[in-house]
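**Student:** The structure that follows is given in the form of structure tokens.
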There are 2 protein chains.
Amino acid sequence: MTRSEENYLKIIFHLGGSDSTPITTNAIAEQMETKPSSVTDMAKKLAEKGLVNYKKYQGVSLTDQGTKTALSIIRKHRLWEVFLVKKLDFSWDEVHEVAEQLEHIKSEKLIDKIDELLEFPKFDPHGDPIPSKDGKFMVRDKQLLSEMPIGGKGVCVGVKDSSAPFLKFLDKNKIALGHTIQVLEIEDFDQSLHIAMEGRELHISHQIASNLYVKKNE
Amino acid sequence: MTRSEENYLKIIFHLGGSDSTPITTNAIAEQMETKPSSVTDMAKKLAEKGLVNYKKYQGVSLTDQGTKTALSIIRKHRLWEVFLVKKLDFSWDEVHEVAEQLEHIKSEKLIDKIDELLEFPKFDPHGDPIPSKDGKFMVRDKQLLSEMPIGGKGVCVGVKDSSAPFLKFLDKNKIALGHTIQVLEIEDFDQSLHIAMEGRELHISHQIASNLYVKKNE
DNA sequence: ACCTATTTTTAGTTTTGTCTAAATTTAATT
DNA sequence: AATTAAATTTAGACAAAACTAAAAATAGGT
Ligand SMILES: [Mn+2]
Ligand SMILES: [Mn+2]
Ligand SMILES: [Mn+2]
Ligand SMILES: [Mn+2]
């Protein structure tokens with residue numbers, strides 16, 4: 001497996017899709033920041049290796065083997081992110097770039113030992129689940145803060161947008177995973193929210209709320 | 001800097017050499033497990049970038065810039081080796097292969113944090129010095145065990161051959177860095193040695209003794 | 001059913017790093 | 001000094017992964 005092949009598989013996985021609704025060449029090209037013609041070439045190569053299903057003009061979907069491989073890269077990526085935050089004091093907006101490199105290190109023992117050192121974390125710093133060695137991962141019952149009703153209360157468990165600017169914005173406003181949030185009011189005019197969090201009140205735009213995941217309290 | 005360029009610089013550094021005694025194309029090719037013609041191509045490219053001095057048929061030597069770059073790769077390699085041994089319980093015969101990959105990760109912050117986590121080690125698991133950020137490293141006063149006189153006593157501080165088979169042999173015979181060794185007798189016939197170490201006596205071949213570094217006691 | 005806009009593929013190039021085979025230079029020996 | 005052997009470079013080719021431009025297929029709208 002080359003680094004490029006691994007990146008393609010990871011991106012195809014993240015784009016979702018299935019045998020019945022395959023991912024388009026264009027969608028992959030956009031995520032890979034490459035041209036559709038390059039994607040076609042790679043689709044053929046990955047199909048040749050049995051990692052994706054590909055029929056001309058129909059798009060691409062992962063085979064079981066391809067899914068397994070994608071999950072193992074994602075597992076490495078997320079474990080390294082946890083490592084960087086927990087052991088090396090990186091902030092959550094700095095880890096992705098480095099993890100993009102570290103996820104390609106080839107050593108099963110290495111990643112298993114990192115997993116052990118971190119005491120087998122189930123989620124990465126952005127709240128995304130970490131697949132186990134055999135490709136299983138937790139699907140947490142979460143919803144976007146923007147979809148919570150007035151009065152709704154929950155714990156912040158993840159971010160949808162995990163770009164550095166958004167994460168830095170959250171830091172600046174002391175919004176962090178694990179904090180309890182209650183929706184106090186929603187403005188009709190622009191869907192902006194008044195929320196209560198950790199004993200203080202703040203006002204956030206709809207755009208922010210629609211990028212924060214919350215786990216509802218029963 | 002590509003991964004290949006980094007590997008060339010590292011190998012040229014390890015081969016020693018200087019402006020007056022440059023490294024031959026063949027020597028580099030052998031270490032890189034590649035062909036001399038490929039080395040010629042790379043020599044031109046590195047010369048173009050100001051990392052090596054190269055004159056046709058005369059061989060290659062590192063410029064200051066090239067030396068600096070080589071040392072930064074070696075620094076990363078050795079720090080990762082320490083990390084693997086100290087934090088992840090790798091044995092010293094397993095770390096090299098993984099460090100060969102990790103040394104190419106591009107993040108100054110990452111390696112500085114690893115350095116800090118390890119409390120700024122000065123030597124790697126094989127006794128090799130770890131260059132500091134500005135390229136300085138300790139040159140320890142050491143000599144080969146095979147060059148010690150009868151009765152000579154010292155602490156084992158490094159290995160010359162750090163191949164897995166040799167390291168495993170040392171483990172099996174409980175020979176480790178930090179142990180005190182005294183030469184009891186040297187066989188005339190085959191230069192093999194009787195040594196005392198950690199309260200026991202053992203017999204080792206000349207070949208073993210000529211791959212162990214010892215720091216003489218004053 | 002036909003035309004058109006969009007998507008996707010093909011064909012041909014480029015760059016990086018490698019190779020083989022041939023040519024050239026250097027070094028060693030007579 | 002001439003010959004020969006060894007080391008080194010050149011020339012031409014290839015595979016991987018990208019690109020551009022042109023051709024082909026699909027999907028939408030009439
Ligand atoms: Mn990430
Ligand atoms: Mn993440
Ligand atoms: Mn090593
Ligand atoms: Mn080492």
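Scheme for the structure tokens: letters A, B, ... for chains in order shown; per-chain residue numbers from 1; ligand numbers from 1 in order shown.
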Write out as JSON, numbers by chain all residues of chain A that DSSP puts in alpha helix (DSSP H) for this structure's backbone.
**Tutor:** {"A": [3, 4, 5, 6, 7, 8, 9, 10, 11, 12, 13, 14, 25, 26, 27, 28, 29, 30, 31, 32, 36, 37, 38, 39, 40, 41, 42, 43, 44, 45, 46, 47, 48, 64, 65, 66, 67, 68, 69, 70, 71, 72, 73, 74, 75, 76, 77, 78, 79, 80, 81, 82, 83, 84, 85, 86, 87, 88, 95, 96, 97, 98, 99, 100, 101, 102, 108, 109, 110, 111, 112, 113, 114, 115, 116, 117, 164, 165, 166, 167, 168, 169, 170, 171, 172, 206, 207, 208, 209]}
**Student:** Would you export the selected residues with C-alpha atoms as a compact mmCIF listing (two decimals), in the first residue's frame, please?
**Tutor:**
```
# COMPACT_ATOMS: atom_id res chain seq x y z
CA ARG A 3 0.69 6.52 0.92
CA SER A 4 -1.45 7.80 -1.93
CA GLU A 5 -3.56 4.65 -2.04
CA GLU A 6 -4.11 4.90 1.70
CA ASN A 7 -5.25 8.51 1.39
CA TYR A 8 -7.71 7.64 -1.34
CA LEU A 9 -9.24 4.82 0.71
CA LYS A 10 -9.56 7.05 3.76
CA ILE A 11 -11.30 9.78 1.79
CA ILE A 12 -13.64 7.36 0.05
CA PHE A 13 -14.57 6.01 3.47
CA HIS A 14 -15.25 9.46 4.86
CA THR A 25 -14.99 10.77 -9.18
CA ASN A 26 -15.54 14.49 -8.75
CA ALA A 27 -16.30 14.23 -5.04
CA ILE A 28 -13.11 12.30 -4.46
CA ALA A 29 -11.09 14.72 -6.56
CA GLU A 30 -12.35 17.64 -4.53
CA GLN A 31 -11.44 16.04 -1.19
CA MET A 32 -8.05 14.87 -2.46
CA PRO A 36 -10.90 13.93 -11.62
CA SER A 37 -8.69 12.33 -14.24
CA SER A 38 -6.18 11.39 -11.57
CA VAL A 39 -8.98 9.85 -9.54
CA THR A 40 -10.00 7.69 -12.48
CA ASP A 41 -6.48 6.32 -12.71
CA MET A 42 -6.40 5.53 -9.01
CA ALA A 43 -9.91 4.02 -9.09
CA LYS A 44 -8.69 1.53 -11.66
CA LYS A 45 -5.63 0.69 -9.62
CA LEU A 46 -7.60 0.21 -6.39
CA ALA A 47 -10.19 -1.89 -8.22
CA GLU A 48 -7.37 -4.00 -9.62
CA ASP A 64 -14.86 -5.21 2.57
CA GLN A 65 -11.11 -5.34 2.18
CA GLY A 66 -11.03 -1.63 1.29
CA THR A 67 -13.19 -0.73 4.29
CA LYS A 68 -10.94 -2.73 6.57
CA THR A 69 -7.87 -0.95 5.27
CA ALA A 70 -9.51 2.50 5.51
CA LEU A 71 -10.51 1.83 9.11
CA SER A 72 -7.00 0.82 10.06
CA ILE A 73 -5.65 4.13 8.71
CA ILE A 74 -8.37 6.06 10.53
CA ARG A 75 -7.59 4.12 13.71
CA LYS A 76 -3.95 5.15 13.44
CA HIS A 77 -4.81 8.77 12.65
CA ARG A 78 -7.07 9.14 15.65
CA LEU A 79 -4.82 7.30 18.08
CA TRP A 80 -1.91 9.53 17.09
CA GLU A 81 -4.12 12.58 17.62
CA VAL A 82 -4.90 11.41 21.15
CA PHE A 83 -1.22 10.73 21.75
CA LEU A 84 -0.24 14.22 20.64
CA VAL A 85 -2.82 15.85 22.90
CA LYS A 86 -2.48 13.65 25.98
CA LYS A 87 1.24 12.93 26.00
CA LEU A 88 2.81 15.86 24.18
CA VAL A 95 -2.83 17.55 15.73
CA HIS A 96 -4.50 16.80 12.43
CA GLU A 97 -1.64 17.87 10.19
CA VAL A 98 0.91 15.76 12.06
CA ALA A 99 -1.48 12.79 12.30
CA GLU A 100 -1.84 12.93 8.51
CA GLN A 101 1.83 11.94 8.38
CA LEU A 102 1.93 9.56 11.33
CA GLU A 108 1.39 -2.94 13.90
CA LYS A 109 3.30 -3.20 17.14
CA LEU A 110 3.82 0.55 17.26
CA ILE A 111 0.17 1.47 17.04
CA ASP A 112 -0.86 -1.27 19.47
CA LYS A 113 1.65 0.03 22.01
CA ILE A 114 0.45 3.60 21.53
CA ASP A 115 -3.09 2.35 22.07
CA GLU A 116 -1.98 0.66 25.28
CA LEU A 117 -0.01 3.71 26.49
CA ALA A 164 -8.13 24.83 13.08
CA PRO A 165 -9.98 28.17 12.84
CA PHE A 166 -13.18 26.69 14.27
CA LEU A 167 -11.32 24.84 17.04
CA LYS A 168 -9.43 28.00 17.96
CA PHE A 169 -12.68 29.90 18.08
CA LEU A 170 -14.06 27.31 20.52
CA ASP A 171 -10.95 27.59 22.68
CA LYS A 172 -11.23 31.35 22.74
CA HIS A 206 -26.36 29.25 14.11
CA GLN A 207 -23.23 28.37 12.18
CA ILE A 208 -21.38 27.54 15.38
CA ALA A 209 -24.29 25.54 16.77
```
**Student:** Could you work out which residues of chain C fall inside 9 Å of chain B? Count only C-alpha atoms (C1' of nucleotides), and format the result as an NGL selection string.
**Tutor:** :C and (17-19 or 25-26)
**Student:** Once you count only C-alpha atoms (C1' of nucleotides), which residues of chain D turn out to be within 10 Å of chain A? Could you give them as a VMD selection string?
**Tutor:** chain D and resid 16 to 20 25 to 26
**Student:** Write the residues of the selection above to a file with N, CA, C and O atoms (P, O5', C5', C4', C3', O3' and C1' of nucleotides), as a JSON list (two decimals), in the first residue's frame.
**Tutor:**
```
[["chain", "number", "residue", "atom", "x", "y", "z"],
["D", 16, "DA", "P", 3.64, 1.00, -10.83],
["D", 16, "DA", "O5'", 3.62, 2.42, -10.11],
["D", 16, "DA", "C5'", 4.45, 2.63, -8.98],
["D", 16, "DA", "C4'", 4.31, 4.07, -8.52],
["D", 16, "DA", "C3'", 2.85, 4.50, -8.34],
["D", 16, "DA", "O3'", 2.76, 5.19, -7.09],
["D", 16, "DA", "C1'", 3.97, 5.98, -9.82],
["D", 17, "DA", "P", 1.33, 5.44, -6.46],
["D", 17, "DA", "O5'", 1.03, 6.95, -6.87],
["D", 17, "DA", "C5'", 1.89, 7.97, -6.41],
["D", 17, "DA", "C4'", 1.62, 9.22, -7.21],
["D", 17, "DA", "C3'", 0.13, 9.59, -7.33],
["D", 17, "DA", "O3'", -0.07, 10.89, -6.82],
["D", 17, "DA", "C1'", 1.25, 9.77, -9.39],
["D", 18, "DA", "P", -1.57, 11.36, -6.51],
["D", 18, "DA", "O5'", -1.82, 12.46, -7.66],
["D", 18, "DA", "C5'", -1.41, 13.74, -7.55],
["D", 18, "DA", "C4'", -0.74, 14.26, -8.83],
["D", 18, "DA", "C3'", -1.66, 14.91, -9.86],
["D", 18, "DA", "O3'", -2.07, 16.19, -9.41],
["D", 18, "DA", "C1'", 0.12, 13.75, -10.89],
["D", 19, "DC", "P", -3.35, 16.86, -9.97],
["D", 19, "DC", "O5'", -2.92, 17.42, -11.42],
["D", 19, "DC", "C5'", -1.81, 18.31, -11.49],
["D", 19, "DC", "C4'", -1.43, 18.52, -12.95],
["D", 19, "DC", "C3'", -2.61, 18.95, -13.82],
["D", 19, "DC", "O3'", -2.59, 20.36, -13.98],
["D", 19, "DC", "C1'", -1.38, 17.16, -14.85],
["D", 20, "DT", "P", -3.83, 21.07, -14.73],
["D", 20, "DT", "O5'", -3.61, 20.75, -16.28],
["D", 20, "DT", "C5'", -2.41, 21.15, -16.93],
["D", 20, "DT", "C4'", -2.58, 20.97, -18.44],
["D", 20, "DT", "C3'", -3.86, 21.60, -19.00],
["D", 20, "DT", "O3'", -3.55, 22.17, -20.26],
["D", 20, "DT", "C1'", -3.88, 19.25, -19.41],
["D", 25, "DA", "P", -18.81, 6.44, -25.63],
["D", 25, "DA", "O5'", -19.55, 6.89, -24.30],
["D", 25, "DA", "C5'", -18.98, 6.50, -23.05],
["D", 25, "DA", "C4'", -19.74, 7.19, -21.94],
["D", 25, "DA", "C3'", -21.24, 6.88, -21.94],
["D", 25, "DA", "O3'", -21.53, 6.36, -20.66],
["D", 25, "DA", "C1'", -20.85, 9.22, -21.78],
["D", 26, "DT", "P", -22.99, 5.81, -20.32],
["D", 26, "DT", "O5'", -23.66, 7.02, -19.51],
["D", 26, "DT", "C5'", -22.98, 7.48, -18.34],
["D", 26, "DT", "C4'", -23.63, 8.77, -17.88],
["D", 26, "DT", "C3'", -25.14, 8.66, -17.68],
["D", 26, "DT", "O3'", -25.38, 8.89, -16.30],
["D", 26, "DT", "C1'", -24.55, 10.66, -18.85]]
```
**Student:** Give me the residues near DA24 (chain D) as a list in words, where near means some atom within 9 Å (using only C-alpha atoms (C1' of nucleotides)) and where sequence neighbours in that chain fewer than 6 positions away do not count.
**Tutor:** DT8, DT9 and DT10 of chain C
**Student:** Taking 2 positions as the minimum chain separation for residues in the same chain, which residues sit within 12 Å of Pro149 (chain B) when counting only C-alpha atoms (C1' of nucleotides)? Answer as a list of chain:residue names.
**Tutor:**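 Using only C-alpha atoms (C1' of nucleotides), the neighbours found are B:Gln143, B:Leu144, B:Leu145, B:Ser146, B:Glu147, B:Gly151, B:Gly152, B:Lys153, B:Gly154, B:Gln182, B:Val183, B:Leu184, B:Glu185, B:Ile186, B:Glu187, B:Gln191, B:Leu193, B:His194, B:Ile195, B:Lys216.
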**Student:** Save out the residues we just selected, all heavy atoms, as a compact mmCIF listing (two decimals), in the first residue's frame.
**Tutor:**
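Saved file out34.txt follows:
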```
# COMPACT_ATOMS: atom_id res chain seq x y z
N GLN B 143 36.37 2.92 23.55
CA GLN B 143 37.22 2.11 22.69
C GLN B 143 36.59 0.72 22.54
O GLN B 143 35.73 0.33 23.34
CB GLN B 143 38.62 2.00 23.27
CG GLN B 143 38.66 1.25 24.58
CD GLN B 143 40.06 1.24 25.17
OE1 GLN B 143 40.24 1.45 26.36
NE2 GLN B 143 41.05 0.97 24.34
N LEU B 144 37.03 0.02 21.53
CA LEU B 144 36.49 -1.33 21.33
C LEU B 144 37.00 -2.25 22.43
O LEU B 144 38.16 -2.14 22.85
CB LEU B 144 36.89 -1.86 19.96
CG LEU B 144 36.19 -1.15 18.79
CD1 LEU B 144 36.75 -1.64 17.45
CD2 LEU B 144 34.68 -1.36 18.83
N LEU B 145 36.16 -3.14 22.89
CA LEU B 145 36.55 -4.10 23.92
C LEU B 145 37.75 -4.93 23.43
O LEU B 145 38.64 -5.28 24.22
CB LEU B 145 35.37 -5.03 24.23
CG LEU B 145 35.61 -6.15 25.23
CD1 LEU B 145 36.11 -5.62 26.57
CD2 LEU B 145 34.32 -6.96 25.45
N SER B 146 37.78 -5.18 22.12
CA SER B 146 38.88 -5.98 21.54
C SER B 146 40.23 -5.27 21.63
O SER B 146 41.27 -5.89 21.44
CB SER B 146 38.56 -6.31 20.08
OG SER B 146 38.34 -5.12 19.36
N GLU B 147 40.19 -3.98 21.93
CA GLU B 147 41.45 -3.23 22.01
C GLU B 147 41.92 -3.01 23.45
O GLU B 147 42.91 -2.34 23.70
CB GLU B 147 41.31 -1.88 21.30
CG GLU B 147 41.29 -2.03 19.78
CD GLU B 147 40.74 -0.80 19.08
OE1 GLU B 147 40.36 0.17 19.77
OE2 GLU B 147 40.67 -0.81 17.83
N GLY B 151 43.27 -7.39 31.98
CA GLY B 151 43.16 -6.67 33.25
C GLY B 151 42.38 -5.37 33.11
O GLY B 151 41.88 -4.83 34.08
N GLY B 152 42.24 -4.87 31.89
CA GLY B 152 41.53 -3.62 31.65
C GLY B 152 40.07 -3.73 32.07
O GLY B 152 39.44 -4.78 31.94
N LYS B 153 39.55 -2.63 32.58
CA LYS B 153 38.19 -2.65 33.12
C LYS B 153 37.44 -1.42 32.59
O LYS B 153 38.03 -0.34 32.48
CB LYS B 153 38.27 -2.57 34.64
CG LYS B 153 37.07 -3.10 35.38
CD LYS B 153 37.38 -3.13 36.88
CE LYS B 153 36.20 -3.64 37.67
NZ LYS B 153 36.51 -3.70 39.11
N GLY B 154 36.18 -1.61 32.25
CA GLY B 154 35.42 -0.46 31.77
C GLY B 154 33.93 -0.75 31.74
O GLY B 154 33.49 -1.86 32.02
N GLN B 182 35.44 -6.61 32.77
CA GLN B 182 36.90 -6.66 32.94
C GLN B 182 37.45 -7.79 32.08
O GLN B 182 36.90 -8.90 32.03
CB GLN B 182 37.27 -6.91 34.40
CG GLN B 182 38.79 -6.95 34.60
CD GLN B 182 39.20 -6.85 36.05
OE1 GLN B 182 38.43 -7.24 36.93
NE2 GLN B 182 40.39 -6.33 36.29
N VAL B 183 38.53 -7.49 31.37
CA VAL B 183 39.17 -8.50 30.54
C VAL B 183 40.06 -9.36 31.43
O VAL B 183 40.99 -8.86 32.05
CB VAL B 183 40.03 -7.86 29.43
CG1 VAL B 183 40.72 -8.94 28.60
CG2 VAL B 183 39.19 -6.95 28.56
N LEU B 184 39.75 -10.66 31.49
CA LEU B 184 40.53 -11.56 32.35
C LEU B 184 41.68 -12.19 31.59
O LEU B 184 42.78 -12.34 32.10
CB LEU B 184 39.62 -12.64 32.92
CG LEU B 184 38.43 -12.16 33.74
CD1 LEU B 184 37.58 -13.34 34.21
CD2 LEU B 184 38.90 -11.34 34.93
N GLU B 185 41.39 -12.55 30.35
CA GLU B 185 42.41 -13.27 29.59
C GLU B 185 42.09 -13.16 28.10
O GLU B 185 40.93 -13.08 27.71
CB GLU B 185 42.39 -14.74 30.01
CG GLU B 185 43.68 -15.49 29.69
CD GLU B 185 43.56 -16.97 30.02
OE1 GLU B 185 42.74 -17.33 30.89
OE2 GLU B 185 44.28 -17.77 29.38
N ILE B 186 43.12 -13.12 27.28
CA ILE B 186 42.93 -13.12 25.82
C ILE B 186 43.66 -14.33 25.24
O ILE B 186 44.86 -14.49 25.47
CB ILE B 186 43.47 -11.83 25.19
CG1 ILE B 186 42.81 -10.59 25.82
CG2 ILE B 186 43.24 -11.83 23.68
CD1 ILE B 186 43.37 -9.26 25.37
N GLU B 187 42.93 -15.19 24.52
CA GLU B 187 43.54 -16.38 23.92
C GLU B 187 44.45 -15.97 22.77
O GLU B 187 44.03 -15.26 21.86
CB GLU B 187 42.46 -17.32 23.38
CG GLU B 187 41.63 -18.01 24.45
CD GLU B 187 42.42 -19.05 25.23
OE1 GLU B 187 43.53 -19.45 24.78
OE2 GLU B 187 41.94 -19.45 26.32
N GLN B 191 42.27 -14.87 19.60
CA GLN B 191 41.96 -13.56 20.18
C GLN B 191 40.63 -13.54 20.95
O GLN B 191 40.07 -12.47 21.18
CB GLN B 191 41.89 -12.44 19.12
CG GLN B 191 42.99 -12.39 18.11
CD GLN B 191 44.37 -12.46 18.72
OE1 GLN B 191 45.12 -13.36 18.39
NE2 GLN B 191 44.69 -11.55 19.63
N LEU B 193 38.12 -13.79 24.19
CA LEU B 193 38.35 -13.19 25.50
C LEU B 193 37.59 -13.90 26.63
O LEU B 193 36.45 -14.34 26.43
CB LEU B 193 37.89 -11.72 25.53
CG LEU B 193 38.61 -10.70 24.69
CD1 LEU B 193 38.10 -10.72 23.26
CD2 LEU B 193 38.41 -9.31 25.28
N HIS B 194 38.23 -13.99 27.76
CA HIS B 194 37.53 -14.33 28.98
C HIS B 194 37.27 -13.00 29.69
O HIS B 194 38.19 -12.22 29.88
CB HIS B 194 38.38 -15.23 29.89
CG HIS B 194 38.55 -16.59 29.34
ND1 HIS B 194 37.67 -17.62 29.59
CD2 HIS B 194 39.49 -17.11 28.51
CE1 HIS B 194 38.07 -18.71 28.96
NE2 HIS B 194 39.17 -18.43 28.30
N ILE B 195 36.01 -12.77 30.01
CA ILE B 195 35.70 -11.52 30.68
C ILE B 195 34.88 -11.76 31.94
O ILE B 195 34.21 -12.79 32.08
CB ILE B 195 34.92 -10.54 29.76
CG1 ILE B 195 33.57 -11.15 29.34
CG2 ILE B 195 35.74 -10.19 28.54
CD1 ILE B 195 32.70 -10.19 28.56
N LYS B 216 36.72 3.30 29.24
CA LYS B 216 37.75 2.90 30.19
C LYS B 216 37.56 3.60 31.54
O LYS B 216 37.22 4.77 31.59
CB LYS B 216 39.13 3.28 29.62
CG LYS B 216 40.20 2.25 29.91
CD LYS B 216 41.57 2.72 29.47
CE LYS B 216 41.61 3.34 28.08
NZ LYS B 216 43.00 3.49 27.59
```
